[in-house]
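J.: my_file.csv is reproduced below (CSV, C-alpha atoms).
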chain,number,residue,atom,x,y,z
A,269,MET,CA,0.0,0.0,0.0
A,270,LEU,CA,2.8,2.4,0.9
A,271,LEU,CA,4.7,1.9,-2.3
A,272,LYS,CA,1.7,1.8,-4.7
A,273,LYS,CA,0.0,4.9,-3.3
A,274,ASN,CA,2.4,7.8,-2.9
A,275,ASN,CA,3.0,11.3,-4.1
A,276,VAL,CA,6.6,12.4,-4.9
A,277,VAL,CA,7.0,16.1,-4.1
A,278,SER,CA,10.2,17.7,-5.4
A,279,LEU,CA,11.2,20.5,-3.1
A,280,ASN,CA,13.6,23.5,-3.6
A,281,GLN,CA,14.5,26.9,-2.0
A,282,GLU,CA,11.4,28.5,-3.7
A,283,SER,CA,8.9,26.1,-2.1
A,284,THR,CA,6.3,28.0,-0.1
A,285,ILE,CA,3.6,27.1,2.5
A,286,PRO,CA,0.8,28.0,0.0
A,287,GLN,CA,2.4,25.7,-2.6
A,288,LEU,CA,2.7,22.8,-0.2
A,289,LEU,CA,-0.3,23.3,2.1
A,290,GLY,CA,-2.8,25.3,0.1
A,291,ALA,CA,-4.2,28.8,-0.4
A,292,SER,CA,-7.5,30.6,-1.0
A,293,PHE,CA,-8.7,31.2,-4.5
A,294,PHE,CA,-11.8,32.8,-6.1
A,295,TYR,CA,-14.0,30.7,-8.5
A,296,PRO,CA,-17.0,31.6,-10.6
A,297,PRO,CA,-20.1,29.5,-9.7
A,298,ILE,CA,-19.7,26.8,-12.3
A,299,GLU,CA,-16.0,26.4,-11.7
A,300,ASP,CA,-16.6,26.4,-8.0
A,301,LYS,CA,-19.0,23.4,-8.4
A,302,LYS,CA,-16.3,21.6,-10.5
A,303,PHE,CA,-13.7,22.3,-7.8
A,304,CYS,CA,-15.9,20.9,-5.0
A,305,LEU,CA,-17.0,17.9,-7.1
A,306,ARG,CA,-13.4,17.1,-8.0
A,307,LEU,CA,-12.3,17.2,-4.4
A,308,ILE,CA,-15.2,15.1,-3.2
A,309,PHE,CA,-14.5,12.4,-5.8
A,310,GLU,CA,-10.8,12.4,-5.1
A,311,ILE,CA,-11.4,12.0,-1.3
A,312,LEU,CA,-14.0,9.2,-1.9
A,313,GLU,CA,-11.8,7.6,-4.6
A,314,ILE,CA,-14.7,7.6,-7.2
A,315,PRO,CA,-13.3,6.9,-10.7
A,316,ASN,CA,-13.8,8.8,-14.0
A,317,ILE,CA,-13.6,12.2,-12.4
A,318,GLU,CA,-13.2,14.1,-15.7
A,319,LEU,CA,-16.3,12.5,-17.2
A,320,GLU,CA,-18.3,13.4,-14.0
A,321,LEU,CA,-17.0,17.0,-14.2
A,322,GLU,CA,-18.6,17.4,-17.6
A,323,LYS,CA,-22.0,16.8,-16.0
A,324,VAL,CA,-21.7,20.0,-14.0
A,325,ASP,CA,-22.2,21.9,-17.3
A,326,LYS,CA,-25.7,20.3,-17.4
A,327,TRP,CA,-26.3,20.6,-13.6
A,328,ASP,CA,-30.1,20.5,-13.5
A,329,GLU,CA,-30.0,17.3,-15.6
A,330,TYR,CA,-27.4,15.4,-13.6
A,331,LYS,CA,-27.4,16.9,-10.0
A,332,ASN,CA,-29.6,14.0,-8.6
A,333,GLU,CA,-27.4,11.4,-10.1
A,334,ILE,CA,-24.3,13.1,-8.7
A,335,ASN,CA,-26.0,13.4,-5.3
A,336,ASP,CA,-26.8,9.7,-5.2
A,337,LYS,CA,-23.3,8.7,-6.1
A,338,ILE,CA,-21.8,10.9,-3.3
A,339,LEU,CA,-24.3,9.5,-0.7
A,340,LYS,CA,-23.5,6.0,-1.8
A,341,ASN,CA,-19.8,6.5,-1.0
A,342,MET,CA,-20.2,9.0,1.9
A,343,PRO,CA,-17.7,8.3,4.8
A,344,GLN,CA,-18.9,7.5,8.3
A,345,PRO,CA,-19.3,10.5,10.7
A,346,ASP,CA,-16.2,9.4,12.7
A,347,SER,CA,-13.9,9.2,9.6
A,348,PRO,CA,-11.2,11.8,9.2
A,349,PHE,CA,-12.6,13.3,6.0
A,350,PHE,CA,-16.3,13.3,6.9
A,351,ILE,CA,-16.4,17.0,7.7
A,352,ALA,CA,-14.4,17.9,4.5
A,353,VAL,CA,-16.8,15.9,2.3
A,354,LYS,CA,-19.9,17.3,4.1
A,355,ASN,CA,-18.7,20.9,3.7
A,356,LEU,CA,-17.9,20.3,0.0
A,357,LYS,CA,-21.2,18.7,-0.6
A,358,GLU,CA,-23.1,21.6,0.9
A,359,LYS,CA,-21.2,24.0,-1.2
A,360,LEU,CA,-21.8,21.9,-4.3
A,361,PHE,CA,-25.5,21.8,-3.8
A,362,SER,CA,-25.9,25.4,-2.5
A,363,GLU,CA,-28.3,27.7,-4.4
A,364,GLU,CA,-26.6,28.7,-7.6
A,365,LYS,CA,-25.8,32.3,-8.3
A,366,THR,CA,-25.7,33.8,-11.7
A,367,ASN,CA,-22.6,32.6,-13.6
A,368,GLU,CA,-21.4,36.0,-14.5
A,369,LYS,CA,-17.7,36.3,-13.7
A,370,SER,CA,-17.9,39.4,-11.7
A,371,LEU,CA,-16.2,39.6,-8.2
A,372,ILE,CA,-19.6,39.8,-6.4
A,373,ASN,CA,-20.5,36.3,-7.8
A,374,MET,CA,-17.2,34.6,-7.0
A,375,GLU,CA,-16.9,31.9,-4.4
A,376,ILE,CA,-13.8,31.7,-2.3
A,377,GLU,CA,-12.3,28.2,-1.6
A,378,PHE,CA,-9.2,26.8,0.1
A,379,LYS,CA,-7.4,24.9,-2.7
A,380,PRO,CA,-5.1,22.1,-1.3
A,381,GLY,CA,-1.4,22.3,-2.1
A,382,LEU,CA,0.9,19.4,-3.0
A,383,ILE,CA,1.2,17.9,0.5
A,384,LEU,CA,-2.4,18.4,1.5
A,385,SER,CA,-3.6,16.9,-1.8
A,386,ALA,CA,-1.6,13.8,-1.1
A,387,ILE,CA,-3.2,13.5,2.3
A,388,LEU,CA,-6.7,13.9,0.9
A,389,ASN,CA,-6.0,11.3,-1.7
A,390,LYS,CA,-4.8,8.9,1.0
A,391,LYS,CA,-1.3,8.8,-0.3
A,392,SER,CA,2.0,8.7,1.5
A,393,LEU,CA,4.6,11.4,0.8
A,394,ILE,CA,8.1,11.1,-0.7
A,395,LEU,CA,9.8,14.5,-0.2
A,396,LYS,CA,12.8,15.0,-2.5
A,397,ASP,CA,15.6,17.4,-1.5
A,398,MET,CA,13.9,18.3,1.7
A,399,PRO,CA,16.9,20.3,3.2
A,400,GLN,CA,16.6,22.8,0.3
A,401,VAL,CA,13.4,24.2,1.8
A,402,LYS,CA,13.5,27.2,4.1
A,403,THR,CA,13.2,26.2,7.8
A,404,ILE,CA,10.2,28.4,8.4
A,405,VAL,CA,8.3,26.5,5.6
A,406,LEU,CA,9.2,23.1,7.0
A,407,GLU,CA,8.3,24.1,10.6
A,408,ARG,CA,4.7,24.7,9.4
A,409,PHE,CA,4.5,20.9,9.0
A,410,ASN,CA,6.0,19.9,12.4
A,411,GLU,CA,2.8,18.3,13.7
A,412,LEU,CA,2.6,16.3,10.4
A,413,PHE,CA,6.2,15.0,10.8
A,414,SER,CA,5.7,14.2,14.5
A,415,GLY,CA,4.1,10.8,13.6
A,416,LYS,CA,0.6,11.7,15.0
A,417,HIS,CA,-0.8,12.2,11.5
A,418,ASN,CA,-2.4,15.5,12.4
A,419,LEU,CA,-2.6,18.7,10.5
A,420,THR,CA,-4.2,21.9,11.6
A,421,LEU,CA,-5.6,24.0,8.7
A,422,VAL,CA,-5.8,27.5,10.2
A,423,GLU,CA,-5.3,28.8,6.6
A,424,ASP,CA,-8.7,27.3,5.6
A,425,ILE,CA,-10.5,30.5,6.4
A,426,PRO,CA,-13.4,29.8,3.9
A,427,GLY,CA,-14.2,26.6,5.7
A,428,THR,CA,-13.8,24.4,2.6
A,429,LEU,CA,-12.4,21.4,4.4
A,430,THR,CA,-12.9,22.3,8.1
A,431,THR,CA,-15.2,24.1,10.4
A,432,LYS,CA,-14.7,27.3,12.4
A,433,GLU,CA,-14.7,25.3,15.6
A,434,ASN,CA,-12.3,22.6,14.4
A,435,LYS,CA,-9.5,23.2,12.0
A,436,GLU,CA,-7.7,19.9,12.6
A,437,LEU,CA,-7.4,16.9,10.3
A,438,ARG,CA,-6.4,13.9,12.3
A,439,ASN,CA,-5.7,10.2,11.9
A,440,PHE,CA,-6.3,10.6,8.2
A,441,ASN,CA,-4.7,7.4,7.0
A,442,LYS,CA,-3.2,4.5,9.0
A,443,ASN,CA,-0.9,3.8,6.1
A,444,PHE,CA,0.3,7.4,5.8
A,445,ARG,CA,4.1,7.8,5.9
A,446,VAL,CA,6.5,10.6,5.2
A,447,ILE,CA,9.8,9.6,3.5
A,448,ALA,CA,12.3,12.3,2.8
A,449,ALA,CA,15.4,12.1,0.6
A,450,CYS,CA,18.5,14.2,0.4
A,451,LYS,CA,22.1,14.2,-0.7
A,452,SER,CA,24.7,12.9,1.8
A,453,GLY,CA,25.5,15.6,4.4
A,454,ASP,CA,22.6,17.9,3.4
A,455,GLU,CA,20.6,16.6,6.4
A,456,MET,CA,22.7,18.8,8.6
A,457,LYS,CA,21.0,21.9,7.1
A,458,LEU,CA,17.8,20.9,8.9
A,459,SER,CA,16.9,22.2,12.4
A,460,GLU,CA,17.4,20.0,15.4
A,461,ALA,CA,13.7,20.0,16.1
A,462,LEU,CA,13.0,18.7,12.6
A,463,LEU,CA,15.9,16.2,12.8
A,464,SER,CA,14.4,14.7,15.9
A,465,ARG,CA,11.2,13.8,14.1
A,466,PHE,CA,12.9,11.6,11.5
A,467,SER,CA,14.9,8.4,11.6
A,468,PHE,CA,17.9,8.5,9.3
A,469,ILE,CA,19.1,5.7,7.0
A,470,ALA,CA,22.4,6.1,5.3
A,471,CYS,CA,22.3,4.7,1.7
A,472,GLU,CA,25.7,3.5,0.6
A,473,PRO,CA,26.6,4.1,-3.1
A,474,TYR,CA,26.1,1.2,-5.5
A,475,THR,CA,29.1,-0.9,-6.3
A,476,GLU,CA,30.0,-1.3,-9.9
A,477,GLU,CA,28.6,-4.8,-9.8
A,478,GLU,CA,25.3,-3.6,-8.3
A,479,GLU,CA,25.0,-0.9,-10.9
A,480,ARG,CA,25.5,-3.4,-13.6
A,481,VAL,CA,22.7,-5.6,-12.2
A,482,VAL,CA,20.3,-2.6,-12.2
A,483,LEU,CA,21.2,-1.6,-15.7
A,484,GLU,CA,21.0,-5.1,-17.1
A,485,SER,CA,17.4,-5.3,-15.7
A,486,SER,CA,16.5,-2.4,-17.9
A,487,ALA,CA,18.7,-3.0,-21.0
A,488,VAL,CA,17.2,-4.3,-24.2
A,489,LYS,CA,20.5,-6.0,-25.2
A,490,ALA,CA,23.4,-7.1,-23.0
A,491,LYS,CA,25.9,-5.2,-25.0
A,492,ASP,CA,24.0,-1.9,-24.2
A,493,ILE,CA,25.9,-1.7,-20.9
A,494,ASN,CA,29.3,-1.9,-22.5
A,495,GLU,CA,28.2,0.7,-25.1
A,496,PHE,CA,27.3,3.0,-22.3
A,497,ASN,CA,30.8,2.7,-20.8
A,498,LYS,CA,32.3,3.8,-24.1
A,499,LEU,CA,29.8,6.6,-25.0
A,500,ALA,CA,29.2,8.2,-21.6
A,501,PRO,CA,31.6,7.0,-19.0
A,502,ASN,CA,30.8,9.9,-16.7
A,503,PHE,CA,27.0,9.3,-16.6
A,504,ASN,CA,25.6,8.4,-13.2
A,505,LEU,CA,23.2,5.5,-12.7
A,506,THR,CA,20.0,7.7,-13.0
A,507,GLU,CA,21.3,9.2,-16.3
A,508,ARG,CA,22.0,5.8,-17.7
A,509,LEU,CA,18.6,4.5,-16.7
A,510,ASN,CA,17.0,7.6,-18.4
A,511,CYS,CA,19.0,6.8,-21.5
A,512,LEU,CA,17.7,3.2,-21.5
A,513,ARG,CA,14.1,4.5,-21.0
A,514,ILE,CA,14.4,6.9,-23.9
A,515,THR,CA,16.0,4.2,-26.1
A,516,LYS,CA,13.1,1.8,-25.5
A,517,CYS,CA,10.7,4.6,-26.5
A,518,LEU,CA,12.7,5.3,-29.7
A,519,ASP,CA,12.8,1.6,-30.4
A,520,LYS,CA,9.0,1.6,-30.6
A,521,LEU,CA,9.1,4.2,-33.3
A,522,ASN,CA,12.2,2.9,-35.1
A,523,LYS,CA,12.1,-0.8,-34.5
A,524,ASP,CA,15.1,-1.9,-36.6
A,525,ASP,CA,17.6,0.7,-35.5
A,526,HIS,CA,18.3,0.0,-31.8
A,527,GLU,CA,22.0,0.8,-31.8
A,528,ASN,CA,21.5,4.2,-33.4
A,529,ASN,CA,18.5,4.8,-31.0
A,530,LEU,CA,20.8,4.2,-28.1
A,531,LYS,CA,23.4,6.6,-29.5
A,532,ILE,CA,20.7,9.3,-30.0
A,533,SER,CA,19.5,9.0,-26.4
A,534,VAL,CA,23.0,9.3,-25.0
A,535,TYR,CA,23.8,12.1,-27.4
A,536,ILE,CA,20.7,14.1,-26.5
A,537,LEU,CA,21.3,13.7,-22.7
A,538,GLN,CA,25.0,14.3,-22.9
A,539,LYS,CA,24.5,17.4,-25.0
A,540,GLY,CA,22.0,18.9,-22.6
A,541,LEU,CA,23.8,17.8,-19.3
A,542,LEU,CA,27.3,18.9,-20.4
A,543,GLU,CA,26.2,21.9,-22.4
A,544,GLN,CA,28.6,21.1,-25.2
A,545,ARG,CA,29.7,23.8,-27.6
A,546,GLU,CA,28.9,23.3,-31.3
A,547,ASN,CA,32.4,22.1,-32.3
A,548,GLN,CA,32.4,19.7,-29.4
A,549,ILE,CA,28.9,18.4,-30.4
A,550,GLU,CA,30.2,17.6,-33.9
A,551,GLU,CA,33.2,15.8,-32.4
A,552,MET,CA,30.8,13.8,-30.2
A,553,LYS,CA,28.7,12.8,-33.2
A,554,LYS,CA,31.8,11.6,-35.0
A,555,ASP,CA,33.0,9.6,-31.9
A,556,PHE,CA,29.6,8.0,-31.6
A,557,ASN,CA,29.5,7.2,-35.3
A,558,LEU,CA,26.0,8.6,-35.0
A,559,ILE,CA,23.7,8.6,-38.1
A,560,LEU,CA,22.0,12.0,-37.6
A,561,LEU,CA,21.2,14.8,-40.0
A,562,ASN,CA,22.3,18.3,-39.1
A,563,TYR,CA,19.9,21.3,-38.5
A,564,GLU,CA,20.2,24.0,-41.1
A,565,ASP,CA,19.3,27.7,-41.0
A,566,GLY,CA,16.1,28.3,-42.9
A,567,VAL,CA,15.2,24.6,-43.1
A,568,CYS,CA,12.2,23.2,-41.2
A,569,PRO,CA,13.2,20.1,-39.2
A,570,PHE,CA,9.9,18.4,-39.9
A,571,LYS,CA,8.7,16.4,-43.0
A,572,ASP,CA,6.2,17.8,-45.4
A,573,PRO,CA,2.8,17.2,-43.9
A,574,GLU,CA,1.6,15.5,-47.0
A,575,ASN,CA,4.4,12.9,-46.5
A,576,SER,CA,3.5,12.5,-42.8
A,577,LYS,CA,0.1,10.9,-43.1
A,578,TYR,CA,-0.5,7.3,-42.0
A,579,ASP,CA,-3.8,5.6,-42.7
A,580,GLY,CA,-5.2,9.1,-43.4
A,581,ILE,CA,-4.2,10.5,-40.0
A,582,GLN,CA,-2.0,13.6,-39.9
A,583,TYR,CA,1.3,13.5,-38.0
A,584,ILE,CA,4.1,15.9,-37.3
A,585,GLU,CA,7.3,13.9,-38.1
A,586,SER,CA,10.9,14.9,-37.5
A,587,LYS,CA,13.5,14.5,-40.3
A,588,ILE,CA,16.3,14.5,-37.7
A,589,LEU,CA,15.3,12.5,-34.6
A,590,LYS,CA,12.6,10.4,-36.5
A,591,THR,CA,10.0,10.9,-33.8
A,592,LYS,CA,6.4,11.7,-34.7
A,593,MET,CA,3.2,12.7,-33.0
A,594,LEU,CA,-0.5,12.9,-34.0
A,595,SER,CA,-1.7,16.4,-35.0
A,596,PHE,CA,-5.2,17.6,-34.6
A,597,GLU,CA,-4.5,20.6,-36.9
A,598,LYS,CA,-6.1,20.4,-40.4
A,599,ASP,CA,-4.2,21.6,-43.5
A,600,ILE,CA,-0.9,22.1,-41.6
A,601,ASP,CA,1.4,24.8,-42.8
A,602,LEU,CA,4.8,24.3,-41.1
A,603,PHE,CA,6.0,27.8,-42.0
A,604,ASP,CA,5.0,31.0,-40.3
A,605,LYS,CA,5.7,34.5,-41.6
A,606,GLU,CA,6.9,35.6,-38.1
A,607,ILE,CA,9.3,32.6,-37.6
A,608,PHE,CA,12.7,31.9,-39.1
A,609,PHE,CA,14.0,28.4,-38.6
A,610,THR,CA,17.5,29.0,-37.2
A,611,LYS,CA,19.5,25.9,-36.2
A,612,LYS,CA,18.7,26.6,-32.5
A,613,PHE,CA,15.0,27.2,-33.1
A,614,SER,CA,14.7,24.0,-35.2
A,615,GLU,CA,16.4,22.0,-32.5
A,616,MET,CA,14.2,23.3,-29.8
A,617,CYS,CA,11.1,22.4,-31.8
A,618,ASP,CA,12.5,19.0,-32.5
A,619,VAL,CA,13.3,18.3,-28.8
A,620,ILE,CA,9.8,19.4,-27.8
A,621,LEU,CA,8.4,16.9,-30.3
A,622,LEU,CA,10.8,14.3,-28.9
A,623,GLY,CA,9.6,14.9,-25.3
A,624,LEU,CA,5.9,14.9,-26.3
A,625,SER,CA,6.0,11.8,-28.4
A,626,LEU,CA,8.1,9.8,-25.9
A,627,LYS,CA,6.2,11.3,-22.9
A,628,ILE,CA,9.4,12.4,-21.2
A,629,PRO,CA,9.8,15.8,-19.5
A,630,ILE,CA,11.8,18.5,-21.3
A,631,ILE,CA,13.3,21.7,-20.0
A,632,LEU,CA,14.4,24.4,-22.5
A,633,GLU,CA,17.2,26.3,-20.7
A,634,GLY,CA,18.9,29.4,-22.1
A,635,GLU,CA,19.1,33.2,-22.1
A,636,ALA,CA,16.1,35.4,-22.8
A,637,GLY,CA,15.3,36.0,-26.5
A,638,GLN,CA,16.4,32.7,-27.9
A,639,GLY,CA,12.9,31.6,-28.9
A,640,LYS,CA,12.0,29.1,-26.1
A,641,GLN,CA,8.5,30.4,-25.6
A,642,THR,CA,8.0,30.9,-29.4
A,643,ALA,CA,9.0,27.3,-30.0
A,644,ILE,CA,6.6,26.0,-27.4
A,645,HIS,CA,3.7,28.1,-28.9
A,646,TYR,CA,4.7,27.0,-32.4
A,647,MET,CA,4.6,23.3,-31.5
A,648,ALA,CA,1.3,23.7,-29.6
A,649,LYS,CA,-0.3,25.3,-32.6
A,650,LYS,CA,0.9,22.8,-35.2
A,651,LEU,CA,-0.1,19.8,-33.0
A,652,GLY,CA,-3.6,21.4,-32.6
Can you turn what I pasted into structure tokens?

T.:
Amino acid sequence: MLLKKNNVVSLNQESTIPQLLGASFFYPPIEDKKFCLRLIFEILEIPNIELELEKVDKWDEYKNEINDKILKNMPQPDSPFFIAVKNLKEKLFSEEKTNEKSLINMEIEFKPGLILSAILNKKSLILKDMPQVKTIVLERFNELFSGKHNLTLVEDIPGTLTTKENKELRNFNKNFRVIAACKSGDEMKLSEALLSRFSFIACEPYTEEEERVVLESSAVKAKDINEFNKLAPNFNLTERLNCLRITKCLDKLNKDDHENNLKISVYILQKGLLEQRENQIEEMKKDFNLILLNYEDGVCPFKDPENSKYDGIQYIESKILKTKMLSFEKDIDLFDKEIFFTKKFSEMCDVILLGLSLKIPIILEGEAGQGKQTAIHYMAKKLG
């Protein structure tokens, strides 16, 4: 239960109490109903939430059906989330105001943050890089970290999840656990009070043999591991596993080119992680013996849309990385009067397509004015 149901929260110096715990927001009437219904269904673990939310737009037609579904799954009065569901249900079925989006018609609600959302969804917490967070932010969660599984929501002024008389959530999940992770030595950045609430386990680094076992469990071919040692000897275990994951995704698109797919994934990650200059990039491609076309100024990196149709369905397809993705745009024109395809812009668009098609996260990093936002908007438009 602990491993299957958990939320991973990545923390940093910019993490705030509103981000982690929650904050008050204004909603117009229809959006407020959707907010309340979503929270109710998440707490009660009712499936197909998105489909149910569509019924709010036809409220008079579906409100009795929604009410019956909530009553069927309503928690017992002594359960930790009974008050929260009761409050949300009352707000959901309160007399509807006009749906004009003026301030006088807005409803104010307390929207749960990352940590509170995990609690409401009955999930344990895995907190990454916990020592990076400011002490004043972490101290707000002292009672949660104490092991009592309590959390006082004094910030819930609108009474979305609590009452005026009782702002405490308690005993919310017998399986609830908080597991924090940090780099060796970083735990000393935490206050003594916080340190006293955790048990520390030192994780020794993997031996070479252990790393090999982990990699072999993910590798498509046994020789992939030796290929890694030649192509990227400085990659850590996480980076190597990411390469294998990307390679497997590329293999699905280009089934008969595994070796080149492996080189492409290593090349993309190494180029981004090491921020190689252009001459070094070309040397790297030669060293890899990588079969990959170059980006050219004034040349779009994608195939002609007429040549990117499969079974009558339109795709955007890369000429360089060979990835493709379904487009919902009709009569695609890849060129735009306000855009010039420089090498950098073409590569950014291509990498965005790579991330979307392989379902891997992408970060475009660089100075202002290089076209990062333009590339994102361009790809969003062309993919429909």

J.: Can you find the residues with an atom no farther than 12 Å from (17.8, 35.7, -37.9), counting only C-alpha atoms, and report them as a PyMOL selection string?

T.: chain A and resi 565-566+606-613+637-639

J.: Could you write out the selected residues, including C-alpha atoms, as a PDB file, keeping the file's coordinate frame?

T.:
ATOM      1  CA  ASP A 565      19.300  27.700 -41.000  1.00  0.00           C
ATOM      2  CA  GLY A 566      16.100  28.300 -42.900  1.00  0.00           C
ATOM      3  CA  GLU A 606       6.900  35.600 -38.100  1.00  0.00           C
ATOM      4  CA  ILE A 607       9.300  32.600 -37.600  1.00  0.00           C
ATOM      5  CA  PHE A 608      12.700  31.900 -39.100  1.00  0.00           C
ATOM      6  CA  PHE A 609      14.000  28.400 -38.600  1.00  0.00           C
ATOM      7  CA  THR A 610      17.500  29.000 -37.200  1.00  0.00           C
ATOM      8  CA  LYS A 611      19.500  25.900 -36.200  1.00  0.00           C
ATOM      9  CA  LYS A 612      18.700  26.600 -32.500  1.00  0.00           C
ATOM     10  CA  PHE A 613      15.000  27.200 -33.100  1.00  0.00           C
ATOM     11  CA  GLY A 637      15.300  36.000 -26.500  1.00  0.00           C
ATOM     12  CA  GLN A 638      16.400  32.700 -27.900  1.00  0.00           C
ATOM     13  CA  GLY A 639      12.900  31.600 -28.900  1.00  0.00           C
TER      14      GLY A 639
END

J.: What is the CA of Ile644 in chain A-CA of Met616 in chain A distance in Å, reported with one decimal?

T.: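 Computed distance, CA of Ile644 in chain A to CA of Met616 in chain A, equals 8.4 Å.
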
J.: Fewer than 2 positions away in the same chain doesn't count, so skip those; otherwise give me all residues within 8 Å of Ile620 in chain A, counting all atoms listed in the file, as a ChimeraX atom specification.

T.: /A:616-618,622-624,630,644,647

J.: Compare A:Met374, A:Ile581, A:Leu395, A:Leu589 by their minimum atom-to-atom distance to Tyr563 in chain A, counting only C-alpha atoms, and give me the closest one.

T.: A:Leu589

J.: Rounded to one decimal, what separation in Å do you get between CA of Gln287 in chain A and CA of Gly381 in chain A?

T.: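 Atom-to-atom, CA of Gln287 in chain A to CA of Gly381 in chain A, that is 5.1 Å.
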
J.: Please indicate the distance in Å from CA of Ile447 in chain A to CA of Leu406 in chain A, rounded to one decimal place.

T.: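 If I compute the distance from CA of Ile447 in chain A to CA of Leu406 in chain A, I get 14.0 Å.
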
J.: Mind checking which residues fall within 12 Å of Ile383 in chain A, counting all atoms listed in the file, ignoring those fewer than 2 positions away in the same chain, and posting them as an mmCIF file with C-alpha atoms, in the coordinates of the input?

T.:
data_model
loop_
_atom_site.group_PDB
_atom_site.id
_atom_site.type_symbol
_atom_site.label_atom_id
_atom_site.label_comp_id
_atom_site.auth_asym_id
_atom_site.auth_seq_id
_atom_site.Cartn_x
_atom_site.Cartn_y
_atom_site.Cartn_z
ATOM 1 C CA ASN A 274 2.400 7.800 -2.900
ATOM 2 C CA ASN A 275 3.000 11.300 -4.100
ATOM 3 C CA VAL A 276 6.600 12.400 -4.900
ATOM 4 C CA VAL A 277 7.000 16.100 -4.100
ATOM 5 C CA SER A 278 10.200 17.700 -5.400
ATOM 6 C CA LEU A 279 11.200 20.500 -3.100
ATOM 7 C CA SER A 283 8.900 26.100 -2.100
ATOM 8 C CA THR A 284 6.300 28.000 -0.100
ATOM 9 C CA ILE A 285 3.600 27.100 2.500
ATOM 10 C CA PRO A 286 0.800 28.000 0.000
ATOM 11 C CA GLN A 287 2.400 25.700 -2.600
ATOM 12 C CA LEU A 288 2.700 22.800 -0.200
ATOM 13 C CA LEU A 289 -0.300 23.300 2.100
ATOM 14 C CA GLY A 290 -2.800 25.300 0.100
ATOM 15 C CA LYS A 379 -7.400 24.900 -2.700
ATOM 16 C CA PRO A 380 -5.100 22.100 -1.300
ATOM 17 C CA GLY A 381 -1.400 22.300 -2.100
ATOM 18 C CA SER A 385 -3.600 16.900 -1.800
ATOM 19 C CA ALA A 386 -1.600 13.800 -1.100
ATOM 20 C CA ILE A 387 -3.200 13.500 2.300
ATOM 21 C CA LEU A 388 -6.700 13.900 0.900
ATOM 22 C CA ASN A 389 -6.000 11.300 -1.700
ATOM 23 C CA LYS A 390 -4.800 8.900 1.000
ATOM 24 C CA LYS A 391 -1.300 8.800 -0.300
ATOM 25 C CA SER A 392 2.000 8.700 1.500
ATOM 26 C CA LEU A 393 4.600 11.400 0.800
ATOM 27 C CA ILE A 394 8.100 11.100 -0.700
ATOM 28 C CA LEU A 395 9.800 14.500 -0.200
ATOM 29 C CA LEU A 406 9.200 23.100 7.000
ATOM 30 C CA ARG A 408 4.700 24.700 9.400
ATOM 31 C CA PHE A 409 4.500 20.900 9.000
ATOM 32 C CA LEU A 412 2.600 16.300 10.400
ATOM 33 C CA PHE A 413 6.200 15.000 10.800
ATOM 34 C CA LEU A 419 -2.600 18.700 10.500
ATOM 35 C CA PHE A 444 0.300 7.400 5.800
ATOM 36 C CA ARG A 445 4.100 7.800 5.900
ATOM 37 C CA VAL A 446 6.500 10.600 5.200
#

J.: Using only C-alpha atoms, can you tell me which of A:Lys523, A:Lys592, A:Lys554, A:Arg513 comes closest to Leu499 in chain A?

T.: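 Nearest candidate to Leu499 in chain A out of A:Lys523, A:Lys592, A:Lys554, A:Arg513: A:Lys554.
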
J.: So which residues touch range 475-478 of chain A within 12 Å, counting only C-alpha atoms, skipping near sequence neighbours fewer than 3 positions away, as a ChimeraX atom specification?

T.: /A:471-472,481-485,493,497,504-505

J.: Counting all atoms listed in the file, figure out which residue out of A:Ala500, A:Ile317, A:Ala490, A:Val405 gets nearest to Leu458 in chain A.

T.: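 Among the listed residues, A:Val405 lies closest to Leu458 in chain A.
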
J.: Determine the nearest neighbour of Lys650 in chain A from the options A:Ser625, A:Asn562, A:Gln582, A:Ser347, counting all atoms listed in the file.

T.: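 Of all the options, A:Gln582 lies closest to Lys650 in chain A.
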
J.: So which one's closest to Ser467 in chain A, A:Ser614, A:Ala449, A:Glu436, A:Arg508? Using all atoms listed in the file, please.

T.: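 Among A:Ser614, A:Ala449, A:Glu436, A:Arg508, it is A:Ala449 that comes nearest to Ser467 in chain A.
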
J.: I want to know what sits within 12 Å of Pro343 in chain A, based on only C-alpha atoms, with residues of the same chain fewer than 2 positions away left out; could you give that as a ChimeraX atom specification?

T.: /A:308-309,311-313,338-341,345-354

J.: Generate the output file for the selected residues, C-alpha atoms, as a tab-separated table (two decimals), in the coordinates of the input.

T.:
chain	number	residue	atom	x	y	z
A	308	ILE	CA	-15.20	15.10	-3.20
A	309	PHE	CA	-14.50	12.40	-5.80
A	311	ILE	CA	-11.40	12.00	-1.30
A	312	LEU	CA	-14.00	9.20	-1.90
A	313	GLU	CA	-11.80	7.60	-4.60
A	338	ILE	CA	-21.80	10.90	-3.30
A	339	LEU	CA	-24.30	9.50	-0.70
A	340	LYS	CA	-23.50	6.00	-1.80
A	341	ASN	CA	-19.80	6.50	-1.00
A	345	PRO	CA	-19.30	10.50	10.70
A	346	ASP	CA	-16.20	9.40	12.70
A	347	SER	CA	-13.90	9.20	9.60
A	348	PRO	CA	-11.20	11.80	9.20
A	349	PHE	CA	-12.60	13.30	6.00
A	350	PHE	CA	-16.30	13.30	6.90
A	351	ILE	CA	-16.40	17.00	7.70
A	352	ALA	CA	-14.40	17.90	4.50
A	353	VAL	CA	-16.80	15.90	2.30
A	354	LYS	CA	-19.90	17.30	4.10

J.: Rank nothing, just name the residue among A:Pro501, A:Tyr535, A:Glu527, A:Leu594 nearest to Asp579 in chain A, using all atoms listed in the file.

T.: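 Nearest to Asp579 in chain A: A:Leu594.
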
J.: Dump as an MDAnalysis selection string all residues having an atom at most 6 Å from (14.7, 14.7, 1.3), computed in the file's coordinates with only C-alpha atoms.

T.: chainID A and resid 395:398 448:450
